[in-house]
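So this block is model-v2.pdb, PDB, C-alpha atoms (C1' of nucleotides):
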MODEL        1
ATOM      1  CA  MET U   1     -52.608 -49.797 -31.823
ATOM      2  CA  PRO U   2     -55.672 -51.843 -30.948
ATOM      3  CA  LYS U   3     -55.683 -53.755 -27.740
ATOM      4  CA  THR U   4     -56.299 -57.004 -29.540
ATOM      5  CA  ASP U   5     -54.018 -57.825 -32.383
ATOM      6  CA  ALA U   6     -56.004 -57.551 -35.562
ATOM      7  CA  ASN U   7     -53.690 -59.957 -37.274
ATOM      8  CA  HIS U   8     -54.671 -62.697 -34.937
ATOM      9  CA  ALA U   9     -58.153 -61.557 -34.050
ATOM     10  CA  PRO U  10     -59.782 -60.462 -37.291
ATOM     11  CA  PHE U  11     -63.244 -60.660 -35.783
ATOM     12  CA  ALA U  12     -62.624 -58.725 -32.608
ATOM     13  CA  TYR U  13     -63.966 -55.469 -34.056
ATOM     14  CA  ASP U  14     -62.589 -53.512 -31.181
ATOM     15  CA  GLY U  15     -63.060 -50.325 -33.134
ATOM     16  CA  LEU U  16     -66.713 -50.560 -32.180
ATOM     17  CA  ASP U  17     -66.934 -47.824 -29.579
ATOM     18  CA  ARG U  18     -68.991 -49.003 -26.648
ATOM     19  CA  VAL U  19     -70.610 -45.631 -26.186
ATOM     20  CA  ILE U  20     -71.889 -45.551 -29.727
ATOM     21  CA  HIS U  21     -72.530 -49.237 -30.181
ATOM     22  CA  GLU U  22     -75.837 -49.314 -28.402
ATOM     23  CA  LYS U  23     -79.189 -49.612 -30.060
ATOM     24  CA  SER U  24     -80.701 -46.430 -28.716
ATOM     25  CA  ARG U  25     -77.548 -44.418 -29.001
ATOM     26  CA  LEU U  26     -77.002 -45.561 -32.561
ATOM     27  CA  GLY U  27     -80.398 -44.163 -33.378
ATOM     28  CA  LEU U  28     -79.595 -40.926 -31.648
ATOM     29  CA  MET U  29     -76.306 -40.527 -33.459
ATOM     30  CA  THR U  30     -77.903 -41.258 -36.798
ATOM     31  CA  SER U  31     -80.711 -38.820 -36.146
ATOM     32  CA  LEU U  32     -78.274 -36.129 -35.164
ATOM     33  CA  MET U  33     -76.173 -36.907 -38.196
ATOM     34  CA  ALA U  34     -79.213 -36.275 -40.342
ATOM     35  CA  HIS U  35     -79.899 -33.013 -38.570
ATOM     36  CA  PRO U  36     -76.597 -31.224 -38.178
ATOM     37  CA  LYS U  37     -78.337 -28.102 -36.965
ATOM     38  CA  GLY U  38     -79.562 -29.890 -33.896
ATOM     39  CA  LEU U  39     -82.708 -31.506 -32.640
ATOM     40  CA  ALA U  40     -84.991 -30.845 -29.700
ATOM     41  CA  PHE U  41     -85.424 -33.298 -26.862
ATOM     42  CA  ALA U  42     -88.985 -34.018 -27.895
ATOM     43  CA  ASP U  43     -88.015 -34.585 -31.514
ATOM     44  CA  LEU U  44     -85.309 -37.057 -30.616
ATOM     45  CA  LYS U  45     -87.703 -38.829 -28.347
ATOM     46  CA  GLN U  46     -90.124 -39.254 -31.217
ATOM     47  CA  LEU U  47     -87.551 -40.155 -33.820
ATOM     48  CA  CYS U  48     -85.892 -42.795 -31.699
ATOM     49  CA  GLY U  49     -88.957 -44.093 -29.926
ATOM     50  CA  LEU U  50     -87.478 -43.520 -26.506
ATOM     51  CA  THR U  51     -89.053 -42.685 -23.199
ATOM     52  CA  ASP U  52     -88.153 -39.415 -21.515
ATOM     53  CA  GLY U  53     -86.037 -41.126 -18.919
ATOM     54  CA  ASN U  54     -84.034 -43.186 -21.304
ATOM     55  CA  LEU U  55     -83.430 -40.353 -23.680
ATOM     56  CA  SER U  56     -82.222 -38.213 -20.827
ATOM     57  CA  ARG U  57     -79.842 -40.912 -19.681
ATOM     58  CA  HIS U  58     -78.436 -41.656 -23.106
ATOM     59  CA  LEU U  59     -77.926 -38.006 -23.899
ATOM     60  CA  GLN U  60     -76.042 -37.662 -20.671
ATOM     61  CA  VAL U  61     -73.758 -40.515 -21.642
ATOM     62  CA  LEU U  62     -73.170 -39.110 -25.100
ATOM     63  CA  GLN U  63     -72.502 -35.701 -23.692
ATOM     64  CA  GLU U  64     -70.050 -36.958 -21.106
ATOM     65  CA  ALA U  65     -68.241 -38.784 -23.876
ATOM     66  CA  GLY U  66     -68.028 -35.514 -25.752
ATOM     67  CA  LEU U  67     -69.982 -36.785 -28.713
ATOM     68  CA  VAL U  68     -72.934 -34.458 -28.483
ATOM     69  CA  GLU U  69     -73.434 -30.956 -27.268
ATOM     70  CA  VAL U  70     -76.538 -30.377 -25.196
ATOM     71  CA  THR U  71     -77.877 -26.871 -24.963
ATOM     72  CA  LYS U  72     -80.442 -26.157 -22.312
ATOM     73  CA  GLY U  73     -82.331 -22.970 -22.718
ATOM     74  CA  TYR U  74     -85.789 -21.515 -22.894
ATOM     75  CA  GLU U  75     -88.018 -21.321 -25.900
ATOM     76  CA  GLY U  76     -90.538 -18.673 -24.981
ATOM     77  CA  ASN U  77     -90.847 -19.545 -21.352
ATOM     78  CA  ARG U  78     -90.721 -23.320 -21.489
ATOM     79  CA  PRO U  79     -87.477 -25.204 -21.068
ATOM     80  CA  HIS U  80     -86.089 -26.375 -24.320
ATOM     81  CA  THR U  81     -83.146 -28.745 -24.700
ATOM     82  CA  SER U  82     -81.395 -28.919 -28.001
ATOM     83  CA  CYS U  83     -78.722 -31.389 -29.058
ATOM     84  CA  ARG U  84     -76.238 -31.562 -31.846
ATOM     85  CA  LEU U  85     -73.202 -33.595 -32.689
ATOM     86  CA  THR U  86     -69.846 -32.185 -31.773
ATOM     87  CA  LYS U  87     -67.097 -32.267 -34.333
ATOM     88  CA  ALA U  88     -65.457 -35.130 -32.464
ATOM     89  CA  GLY U  89     -68.797 -36.870 -32.253
ATOM     90  CA  ARG U  90     -69.242 -36.698 -35.967
ATOM     91  CA  ARG U  91     -65.759 -37.963 -36.603
ATOM     92  CA  ARG U  92     -66.021 -40.808 -34.139
ATOM     93  CA  PHE U  93     -69.365 -41.835 -35.525
ATOM     94  CA  LEU U  94     -67.917 -41.962 -39.019
ATOM     95  CA  ASP U  95     -65.067 -44.104 -37.727
ATOM     96  CA  TYR U  96     -67.552 -46.351 -36.039
ATOM     97  CA  LEU U  97     -69.557 -46.637 -39.227
ATOM     98  CA  ALA U  98     -66.479 -47.607 -41.168
ATOM     99  CA  VAL U  99     -65.877 -50.520 -38.817
ATOM    100  CA  LEU U 100     -69.513 -51.475 -38.967
ATOM    101  CA  GLU U 101     -69.401 -51.452 -42.716
ATOM    102  CA  GLY U 102     -66.426 -53.742 -42.618
ATOM    103  CA  LEU U 103     -68.349 -56.095 -40.419
ATOM    104  CA  VAL U 104     -71.339 -56.114 -42.719
ATOM    105  CA  ARG U 105     -69.030 -56.805 -45.623
ATOM    106  CA  ASP U 106     -67.296 -59.640 -43.776
ATOM    107  CA  ALA U 107     -70.601 -61.171 -42.896
ATOM    108  CA  ALA U 108     -72.043 -60.731 -46.338
ATOM    109  CA  LYS U 109     -69.001 -62.346 -47.853
ATOM    110  CA  ALA U 110     -69.261 -65.195 -45.392
ATOM    111  CA  ALA U 111     -72.933 -65.571 -46.182
ATOM    112  CA  GLY U 112     -72.211 -65.591 -49.855
ATOM    113  CA  LYS U 113     -69.606 -68.335 -49.644
ATOM    114  CA  GLU U 114     -72.153 -71.073 -49.438
ATOM    115  CA  ALA U 115     -75.381 -69.222 -49.425
ATOM    116  CA  SER U 116     -78.459 -70.466 -51.069
ATOM    117  CA  THR U 117     -80.086 -67.124 -50.504
ATOM    118  CA  LEU U 118     -77.732 -64.201 -50.589
ATOM    119  CA  SER U 119     -80.737 -62.425 -51.934
ATOM    120  CA  ARG U 120     -81.815 -61.826 -48.377
ATOM    121  CA  LEU U 121     -79.022 -59.326 -47.993
ATOM    122  CA  GLY U 122     -79.678 -56.072 -49.680
ATOM    123  CA  MET U 123     -82.939 -56.995 -51.222
ATOM    124  CA  LEU U 124     -84.959 -57.776 -48.201
ATOM    125  CA  PRO U 125     -88.464 -56.469 -48.761
ATOM    126  CA  THR U 126     -87.880 -54.331 -45.736
TER
ATOM    127  CA  MET H   1     -95.151 -55.945 -35.471
ATOM    128  CA  PRO H   2     -92.438 -53.814 -33.998
ATOM    129  CA  LYS H   3     -92.952 -52.533 -30.518
ATOM    130  CA  THR H   4     -92.200 -49.002 -31.560
ATOM    131  CA  ASP H   5     -94.079 -47.600 -34.463
ATOM    132  CA  ALA H   6     -91.660 -47.328 -37.337
ATOM    133  CA  ASN H   7     -93.728 -44.603 -38.894
ATOM    134  CA  HIS H   8     -93.069 -42.324 -35.998
ATOM    135  CA  ALA H   9     -89.733 -43.679 -34.849
ATOM    136  CA  PRO H  10     -87.641 -44.203 -37.959
ATOM    137  CA  PHE H  11     -84.441 -44.343 -35.933
ATOM    138  CA  ALA H  12     -85.523 -46.813 -33.287
ATOM    139  CA  TYR H  13     -83.937 -49.774 -35.080
ATOM    140  CA  ASP H  14     -85.700 -52.213 -32.851
ATOM    141  CA  GLY H  15     -84.884 -55.002 -35.248
ATOM    142  CA  LEU H  16     -81.435 -54.985 -33.722
ATOM    143  CA  ASP H  17     -81.594 -58.153 -31.678
ATOM    144  CA  ARG H  18     -80.025 -57.545 -28.294
ATOM    145  CA  VAL H  19     -78.469 -60.977 -28.186
ATOM    146  CA  ILE H  20     -76.648 -60.435 -31.441
ATOM    147  CA  HIS H  21     -75.983 -56.740 -31.113
ATOM    148  CA  GLU H  22     -73.002 -57.034 -28.857
ATOM    149  CA  LYS H  23     -69.435 -56.472 -29.928
ATOM    150  CA  SER H  24     -68.091 -59.871 -28.950
ATOM    151  CA  ARG H  25     -71.130 -61.749 -30.081
ATOM    152  CA  LEU H  26     -71.161 -59.982 -33.413
ATOM    153  CA  GLY H  27     -67.660 -61.237 -33.947
ATOM    154  CA  LEU H  28     -68.644 -64.734 -32.980
ATOM    155  CA  MET H  29     -71.605 -64.760 -35.311
ATOM    156  CA  THR H  30     -69.549 -63.439 -38.177
ATOM    157  CA  SER H  31     -66.818 -65.988 -37.559
ATOM    158  CA  LEU H  32     -69.329 -68.771 -37.478
ATOM    159  CA  MET H  33     -70.956 -67.444 -40.603
ATOM    160  CA  ALA H  34     -67.605 -67.686 -42.330
ATOM    161  CA  HIS H  35     -67.122 -71.235 -41.119
ATOM    162  CA  PRO H  36     -70.411 -73.034 -41.566
ATOM    163  CA  LYS H  37     -68.829 -76.334 -40.703
ATOM    164  CA  GLY H  38     -68.134 -75.147 -37.213
ATOM    165  CA  LEU H  39     -65.244 -73.837 -35.199
ATOM    166  CA  ALA H  40     -63.434 -75.058 -32.126
ATOM    167  CA  PHE H  41     -63.488 -73.189 -28.859
ATOM    168  CA  ALA H  42     -59.822 -72.320 -29.187
ATOM    169  CA  ASP H  43     -60.234 -71.069 -32.736
ATOM    170  CA  LEU H  44     -63.084 -68.795 -31.818
ATOM    171  CA  LYS H  45     -61.099 -67.512 -28.927
ATOM    172  CA  GLN H  46     -58.277 -66.565 -31.259
ATOM    173  CA  LEU H  47     -60.438 -65.168 -34.004
ATOM    174  CA  CYS H  48     -62.439 -62.945 -31.724
ATOM    175  CA  GLY H  49     -59.709 -62.049 -29.294
ATOM    176  CA  LEU H  50     -61.688 -63.235 -26.304
ATOM    177  CA  THR H  51     -60.619 -64.717 -23.004
ATOM    178  CA  ASP H  52     -61.722 -68.215 -22.108
ATOM    179  CA  GLY H  53     -64.225 -66.960 -19.586
ATOM    180  CA  ASN H  54     -65.878 -64.466 -21.843
ATOM    181  CA  LEU H  55     -66.068 -66.817 -24.762
ATOM    182  CA  SER H  56     -67.679 -69.426 -22.570
ATOM    183  CA  ARG H  57     -70.232 -66.950 -21.326
ATOM    184  CA  HIS H  58     -71.111 -65.573 -24.736
ATOM    185  CA  LEU H  59     -71.437 -69.001 -26.258
ATOM    186  CA  GLN H  60     -73.793 -69.922 -23.467
ATOM    187  CA  VAL H  61     -75.941 -66.891 -24.221
ATOM    188  CA  LEU H  62     -75.976 -67.624 -27.928
ATOM    189  CA  GLN H  63     -76.793 -71.232 -27.308
ATOM    190  CA  GLU H  64     -79.640 -70.443 -24.947
ATOM    191  CA  ALA H  65     -81.025 -68.118 -27.571
ATOM    192  CA  GLY H  66     -80.896 -70.991 -30.025
ATOM    193  CA  LEU H  67     -78.525 -69.200 -32.368
ATOM    194  CA  VAL H  68     -75.606 -71.567 -32.115
ATOM    195  CA  GLU H  69     -75.231 -75.253 -31.515
ATOM    196  CA  VAL H  70     -72.471 -76.245 -29.139
ATOM    197  CA  THR H  71     -71.129 -79.751 -29.384
ATOM    198  CA  LYS H  72     -68.968 -80.995 -26.561
ATOM    199  CA  GLY H  73     -66.976 -84.053 -27.315
ATOM    200  CA  TYR H  74     -63.515 -85.525 -27.248
ATOM    201  CA  GLU H  75     -60.825 -85.183 -29.852
ATOM    202  CA  GLY H  76     -58.411 -87.977 -29.052
ATOM    203  CA  ASN H  77     -58.670 -87.776 -25.322
ATOM    204  CA  ARG H  78     -58.837 -84.043 -24.838
ATOM    205  CA  PRO H  79     -62.148 -82.249 -24.506
ATOM    206  CA  HIS H  80     -63.107 -80.482 -27.654
ATOM    207  CA  THR H  81     -65.967 -78.048 -27.987
ATOM    208  CA  SER H  82     -67.214 -77.228 -31.406
ATOM    209  CA  CYS H  83     -69.729 -74.573 -32.382
ATOM    210  CA  ARG H  84     -71.785 -73.839 -35.410
ATOM    211  CA  LEU H  85     -74.695 -71.654 -36.318
ATOM    212  CA  THR H  86     -78.116 -73.170 -36.199
ATOM    213  CA  LYS H  87     -80.436 -72.598 -39.088
ATOM    214  CA  ALA H  88     -82.373 -70.106 -37.005
ATOM    215  CA  GLY H  89     -79.139 -68.472 -35.963
ATOM    216  CA  ARG H  90     -78.135 -67.959 -39.533
ATOM    217  CA  ARG H  91     -81.496 -66.571 -40.462
ATOM    218  CA  ARG H  92     -81.675 -64.223 -37.516
ATOM    219  CA  PHE H  93     -78.177 -63.001 -38.152
ATOM    220  CA  LEU H  94     -79.065 -62.224 -41.742
ATOM    221  CA  ASP H  95     -82.109 -60.323 -40.551
ATOM    222  CA  TYR H  96     -79.955 -58.453 -38.121
ATOM    223  CA  LEU H  97     -77.488 -57.613 -40.854
ATOM    224  CA  ALA H  98     -80.239 -56.275 -43.045
ATOM    225  CA  VAL H  99     -81.235 -53.836 -40.324
ATOM    226  CA  LEU H 100     -77.634 -52.912 -39.744
ATOM    227  CA  GLU H 101     -77.158 -52.279 -43.407
ATOM    228  CA  GLY H 102     -80.141 -49.997 -43.360
ATOM    229  CA  LEU H 103     -78.623 -48.098 -40.495
ATOM    230  CA  VAL H 104     -75.324 -47.682 -42.260
ATOM    231  CA  ARG H 105     -77.160 -46.461 -45.296
ATOM    232  CA  ASP H 106     -79.202 -43.983 -43.262
ATOM    233  CA  ALA H 107     -76.101 -42.667 -41.599
ATOM    234  CA  ALA H 108     -74.125 -42.492 -44.809
ATOM    235  CA  LYS H 109     -76.922 -40.611 -46.459
ATOM    236  CA  ALA H 110     -77.071 -38.240 -43.534
ATOM    237  CA  ALA H 111     -73.328 -37.797 -43.661
ATOM    238  CA  GLY H 112     -73.449 -37.157 -47.360
ATOM    239  CA  LYS H 113     -76.044 -34.421 -47.059
ATOM    240  CA  GLU H 114     -73.495 -31.895 -45.982
ATOM    241  CA  ALA H 115     -70.377 -33.933 -45.829
ATOM    242  CA  SER H 116     -67.009 -32.697 -46.795
ATOM    243  CA  THR H 117     -65.590 -36.184 -46.632
ATOM    244  CA  LEU H 118     -67.882 -38.995 -47.553
ATOM    245  CA  SER H 119     -64.706 -40.644 -48.682
ATOM    246  CA  ARG H 120     -64.162 -41.726 -45.112
ATOM    247  CA  LEU H 121     -66.919 -44.210 -45.547
ATOM    248  CA  GLY H 122     -65.116 -46.147 -48.191
ATOM    249  CA  MET H 123     -67.413 -44.579 -50.753
ATOM    250  CA  LEU H 124     -70.584 -46.368 -50.055
ATOM    251  CA  PRO H 125     -72.520 -47.268 -53.176
ATOM    252  CA  THR H 126     -75.453 -45.255 -51.964
TER
ATOM    253  C1'  DT Z   1     -44.840 -92.262  -9.374
ATOM    254  C1'  DC Z   2     -44.934 -87.681  -8.081
ATOM    255  C1'  DC Z   3     -44.679 -82.847  -9.446
ATOM    256  C1'  DG Z   4     -45.265 -79.186 -12.354
ATOM    257  C1'  DT Z   5     -47.038 -77.213 -16.447
ATOM    258  C1'  DA Z   6     -50.345 -76.876 -20.207
ATOM    259  C1'  DT Z   7     -54.800 -77.303 -22.240
ATOM    260  C1'  DA Z   8     -59.690 -76.676 -22.124
ATOM    261  C1'  DC Z   9     -62.996 -74.899 -20.412
ATOM    262  C1'  DT Z  10     -66.594 -73.084 -16.180
ATOM    263  C1'  DT Z  11     -67.855 -70.453 -12.303
ATOM    264  C1'  DT Z  12     -67.861 -66.499  -9.488
ATOM    265  C1'  DG Z  13     -67.970 -61.568  -8.218
ATOM    266  C1'  DC Z  14     -68.559 -57.137  -9.242
ATOM    267  C1'  DG Z  15     -68.868 -52.846 -11.429
ATOM    268  C1'  DA Z  16     -71.327 -50.751 -15.165
ATOM    269  C1'  DT Z  17     -75.540 -50.251 -17.844
ATOM    270  C1'  DG Z  18     -80.100 -49.971 -19.809
ATOM    271  C1'  DC Z  19     -84.726 -49.437 -18.749
ATOM    272  C1'  DA Z  20     -89.123 -48.307 -16.464
ATOM    273  C1'  DA Z  21     -91.326 -45.929 -12.995
ATOM    274  C1'  DA Z  22     -91.528 -42.301  -9.996
ATOM    275  C1'  DG Z  23     -90.261 -37.513  -9.088
ATOM    276  C1'  DT Z  24     -89.633 -32.370  -9.969
ATOM    277  C1'  DG Z  25     -90.959 -28.026 -11.482
ATOM    278  C1'  DA Z  26     -92.760 -24.555 -14.323
ATOM    279  C1'  DG Z  27     -96.768 -23.125 -17.245
ATOM    280  C1'  DG Z  28    -101.310 -22.964 -18.789
ATOM    281  C1'  DT Z  29    -106.570 -23.550 -17.840
ATOM    282  C1'  DG Z  30    -111.049 -23.714 -15.786
TER
ATOM    283  C1'  DC F   1    -106.203 -22.378  -6.455
ATOM    284  C1'  DA F   2    -106.637 -26.977  -7.905
ATOM    285  C1'  DC F   3    -105.410 -29.669 -11.731
ATOM    286  C1'  DC F   4    -103.411 -31.039 -15.894
ATOM    287  C1'  DT F   5     -99.685 -31.006 -19.268
ATOM    288  C1'  DC F   6     -95.084 -30.389 -20.852
ATOM    289  C1'  DA F   7     -90.235 -31.080 -20.271
ATOM    290  C1'  DC F   8     -87.176 -33.212 -18.327
ATOM    291  C1'  DT F   9     -84.336 -35.819 -14.100
ATOM    292  C1'  DT F  10     -83.688 -39.095 -10.653
ATOM    293  C1'  DT F  11     -84.057 -43.527  -8.671
ATOM    294  C1'  DG F  12     -84.090 -48.598  -8.335
ATOM    295  C1'  DC F  13     -83.439 -52.700 -10.068
ATOM    296  C1'  DA F  14     -82.349 -56.449 -12.857
ATOM    297  C1'  DT F  15     -79.260 -57.674 -16.349
ATOM    298  C1'  DC F  16     -74.835 -57.999 -18.451
ATOM    299  C1'  DG F  17     -70.076 -58.065 -19.723
ATOM    300  C1'  DC F  18     -65.682 -58.855 -18.095
ATOM    301  C1'  DA F  19     -61.699 -60.394 -15.377
ATOM    302  C1'  DA F  20     -60.042 -63.413 -12.052
ATOM    303  C1'  DA F  21     -60.273 -67.571  -9.865
ATOM    304  C1'  DG F  22     -61.554 -72.418 -10.097
ATOM    305  C1'  DT F  23     -61.982 -77.326 -11.997
ATOM    306  C1'  DA F  24     -60.512 -81.163 -14.503
ATOM    307  C1'  DT F  25     -57.732 -83.834 -17.446
ATOM    308  C1'  DA F  26     -53.471 -84.735 -19.969
ATOM    309  C1'  DC F  27     -48.662 -84.668 -20.774
ATOM    310  C1'  DG F  28     -43.562 -84.443 -19.641
ATOM    311  C1'  DG F  29     -39.772 -84.845 -17.021
ATOM    312  C1'  DA F  30     -37.051 -86.345 -12.445
TER
ENDMDL
END

So, in terms of structure tokens, how does the structure I just supplied come out?
Amino acid sequence: MPKTDANHAPFAYDGLDRVIHEKSRLGLMTSLMAHPKGLAFADLKQLCGLTDGNLSRHLQVLQEAGLVEVTKGYEGNRPHTSCRLTKAGRRRFLDYLAVLEGLVRDAAKAAGKEASTLSRLGMLPT
Amino acid sequence: MPKTDANHAPFAYDGLDRVIHEKSRLGLMTSLMAHPKGLAFADLKQLCGLTDGNLSRHLQVLQEAGLVEVTKGYEGNRPHTSCRLTKAGRRRFLDYLAVLEGLVRDAAKAAGKEASTLSRLGMLPT
DNA sequence: TCCGTATACTTTGCGATGCAAAGTGAGGTG
DNA sequence: CACCTCACTTTGCATCGCAAAGTATACGGA
């Protein structure tokens, strides 16, 4: 049971996991989702546009939360860190996404109610 | 122009406005989107499941960012604070939502690639 | 009229967090 | 052996969210 009563607080969205709901970490999770076999530190850095320090920190957080598995090893003779989603990580991310989708739907519906330009949603010229 | 090069950092999502991208504030924005005529302090508090203190703080942030307009007045002889989205607030929230939608799509696509249960995601219309 | 309670917020304090900059260490290269 | 690069980690700080305490006014009895 959620901490806040959904019946009385329909916009609390407390299913939005703090650990996941963070710009950088969202990117990381999505990247890892797209690459179930794992990604290297350097690749993630590129994909998510993060600095070394920040990536390191965020990975640590995700790992401590049990969402990703970080494997430190050596490729040739250089250190090589590889990351992949854990099963729990994948599941929790999907749960998170479901909530997020609900939010987007709520908002879109709200926007549509009296919108002059619903067109913005979904057909934004990126 | 985004700070991070989208060509090389497709998962940076730097369009996710920090002010909006916050659990509580997302709820507030969505609530206000659904009630374009404005909402009272107490209503927002209920809808978003926030304490007085937190609501006050978040509204202040949103107001300073020019996303919401806060009107303090008196209803009868009790203080009555009413909030509504500004035009800019509405626009920026829609922009934010567009990015968010993109993210959900990315993730859903990634999940679908090798997913056993896309069904979890309420069957996103790709 | 005084006291207590309720409403309607605001302010304060602090622990957690994200981010940038500096640090570490192992390889290669001239 | 000095120097640079790669691959991360650690540190420091400034910001932020959150809960608890504070302020102010109104109402309802005794």

Close residues, stretch 1-16 of chain F itself excluded, 9 Å, all atoms listed in the file, min 3 positions apart in chain, as a PyMOL selection string: (chain U and resi 41-42+52-53+56-57+78-81) or (chain Z and resi 16-18+21-24+27-29)

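Chain copies chain H and chain U align, over all their C-alpha atoms in order, to a least-squares RMSD of 2.4 Å.
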
Distance query H:Ala12 at most 12 Å, only C-alpha atoms (C1' of nucleotides), self and fewer than 6 positions along chain excluded, as an mmCIF file with C-alpha atoms, in the frame of the given file:
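Produced file around.cif, reproduced below:
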data_model
loop_
_atom_site.group_PDB
_atom_site.id
_atom_site.type_symbol
_atom_site.label_atom_id
_atom_site.label_comp_id
_atom_site.auth_asym_id
_atom_site.auth_seq_id
_atom_site.Cartn_x
_atom_site.Cartn_y
_atom_site.Cartn_z
ATOM 1 C CA GLU U 22 -75.837 -49.314 -28.402
ATOM 2 C CA LYS U 23 -79.189 -49.612 -30.060
ATOM 3 C CA SER U 24 -80.701 -46.430 -28.716
ATOM 4 C CA ARG U 25 -77.548 -44.418 -29.001
ATOM 5 C CA LEU U 26 -77.002 -45.561 -32.561
ATOM 6 C CA GLY U 27 -80.398 -44.163 -33.378
ATOM 7 C CA LEU U 28 -79.595 -40.926 -31.648
ATOM 8 C CA MET U 29 -76.306 -40.527 -33.459
ATOM 9 C CA THR U 30 -77.903 -41.258 -36.798
ATOM 10 C CA SER U 31 -80.711 -38.820 -36.146
ATOM 11 C CA LEU U 44 -85.309 -37.057 -30.616
ATOM 12 C CA LYS U 45 -87.703 -38.829 -28.347
ATOM 13 C CA GLN U 46 -90.124 -39.254 -31.217
ATOM 14 C CA LEU U 47 -87.551 -40.155 -33.820
ATOM 15 C CA CYS U 48 -85.892 -42.795 -31.699
ATOM 16 C CA GLY U 49 -88.957 -44.093 -29.926
ATOM 17 C CA LEU U 50 -87.478 -43.520 -26.506
ATOM 18 C CA THR U 51 -89.053 -42.685 -23.199
ATOM 19 C CA LEU U 55 -83.430 -40.353 -23.680
ATOM 20 C CA PRO H 2 -92.438 -53.814 -33.998
ATOM 21 C CA LYS H 3 -92.952 -52.533 -30.518
ATOM 22 C CA THR H 4 -92.200 -49.002 -31.560
ATOM 23 C CA ASP H 5 -94.079 -47.600 -34.463
ATOM 24 C CA ALA H 6 -91.660 -47.328 -37.337
ATOM 25 C CA VAL H 99 -81.235 -53.836 -40.324
ATOM 26 C CA LEU H 100 -77.634 -52.912 -39.744
ATOM 27 C CA GLY H 102 -80.141 -49.997 -43.360
ATOM 28 C CA LEU H 103 -78.623 -48.098 -40.495
#

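Of the listed residues U:Leu16, U:Leu97, U:Ala107, U:Leu59, the one whose atoms come nearest to chain F is U:Leu59, with distances taken using all atoms listed in the file.
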
Ground truth for the PyMOL selection byres ((chain Z) within 10 of (chain H)), written as an MDAnalysis selection string: chainID Z and resid 7:11

Where is the centre and how long are the edges: axis-aligned box on stretch 90-97 of chain U, 5 Å on each side, Å to one decimal, as JSON:
{"center_x": -67.3, "center_y": -41.7, "center_z": -36.7, "size_x": 14.5, "size_y": 19.9, "size_z": 15.1}

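Counting only C-alpha atoms (C1' of nucleotides), the residue from H:His8, H:Arg91, H:Arg18, H:Lys72 that sits nearest to chain F is H:Arg18.
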
Step by step: start from the point (-72.7, -68.0, -41.3) in the file's coordinates, keep every protein, DNA or RNA residue that has an atom no farther than 6 Å from it, count all atoms listed in the file, and write the set as a PDB file with C-alpha atoms, in the coordinates of the input.
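Below you can see selection.pdb, which holds the result:
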ATOM      1  CA  ALA U 111     -72.933 -65.571 -46.182  1.00  0.00           C
TER       2      ALA U 111
ATOM      3  CA  LEU H  32     -69.329 -68.771 -37.478  1.00  0.00           C
ATOM      4  CA  MET H  33     -70.956 -67.444 -40.603  1.00  0.00           C
ATOM      5  CA  ALA H  34     -67.605 -67.686 -42.330  1.00  0.00           C
ATOM      6  CA  PRO H  36     -70.411 -73.034 -41.566  1.00  0.00           C
ATOM      7  CA  ARG H  90     -78.135 -67.959 -39.533  1.00  0.00           C
TER       8      ARG H  90
END

Selection result for the PyMOL selection byres ((chain F) within 8 of (chain H)) on this file, as a ChimeraX atom specification: /F:17-18,25-26

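Taking atom CA of U:Val70 as the reference point, atom CA of H:Val104 is found at 24.3 Å.
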
Coordinates-based distance that separates atom CA of U:Gly15 from atom CA of H:Gln63 (Å, one decimal): 25.7 Å

Using all atoms listed in the file: which of U:Asp43, U:Gln60, U:Gly38, U:Gly76 has the shortest distance to chain H: U:Asp43

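Of the listed residues (H:Glu64, H:Ala98, H:Arg105, H:Glu69), H:Ala98 comes nearest to chain U; the distances count all atoms listed in the file.
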
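As for atom C1' of F:DA21 and atom C1' of Z:DC3, they are spaced 21.8 Å apart.
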
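Taking all atoms listed in the file into account, those protein, DNA and RNA residues with any atom at most 10 Å away from (-47.3, -83.8, -19.8) amount to DG4, DT5 and DA6 of chain Z; DA26, DC27, DG28 and DG29 of chain F.
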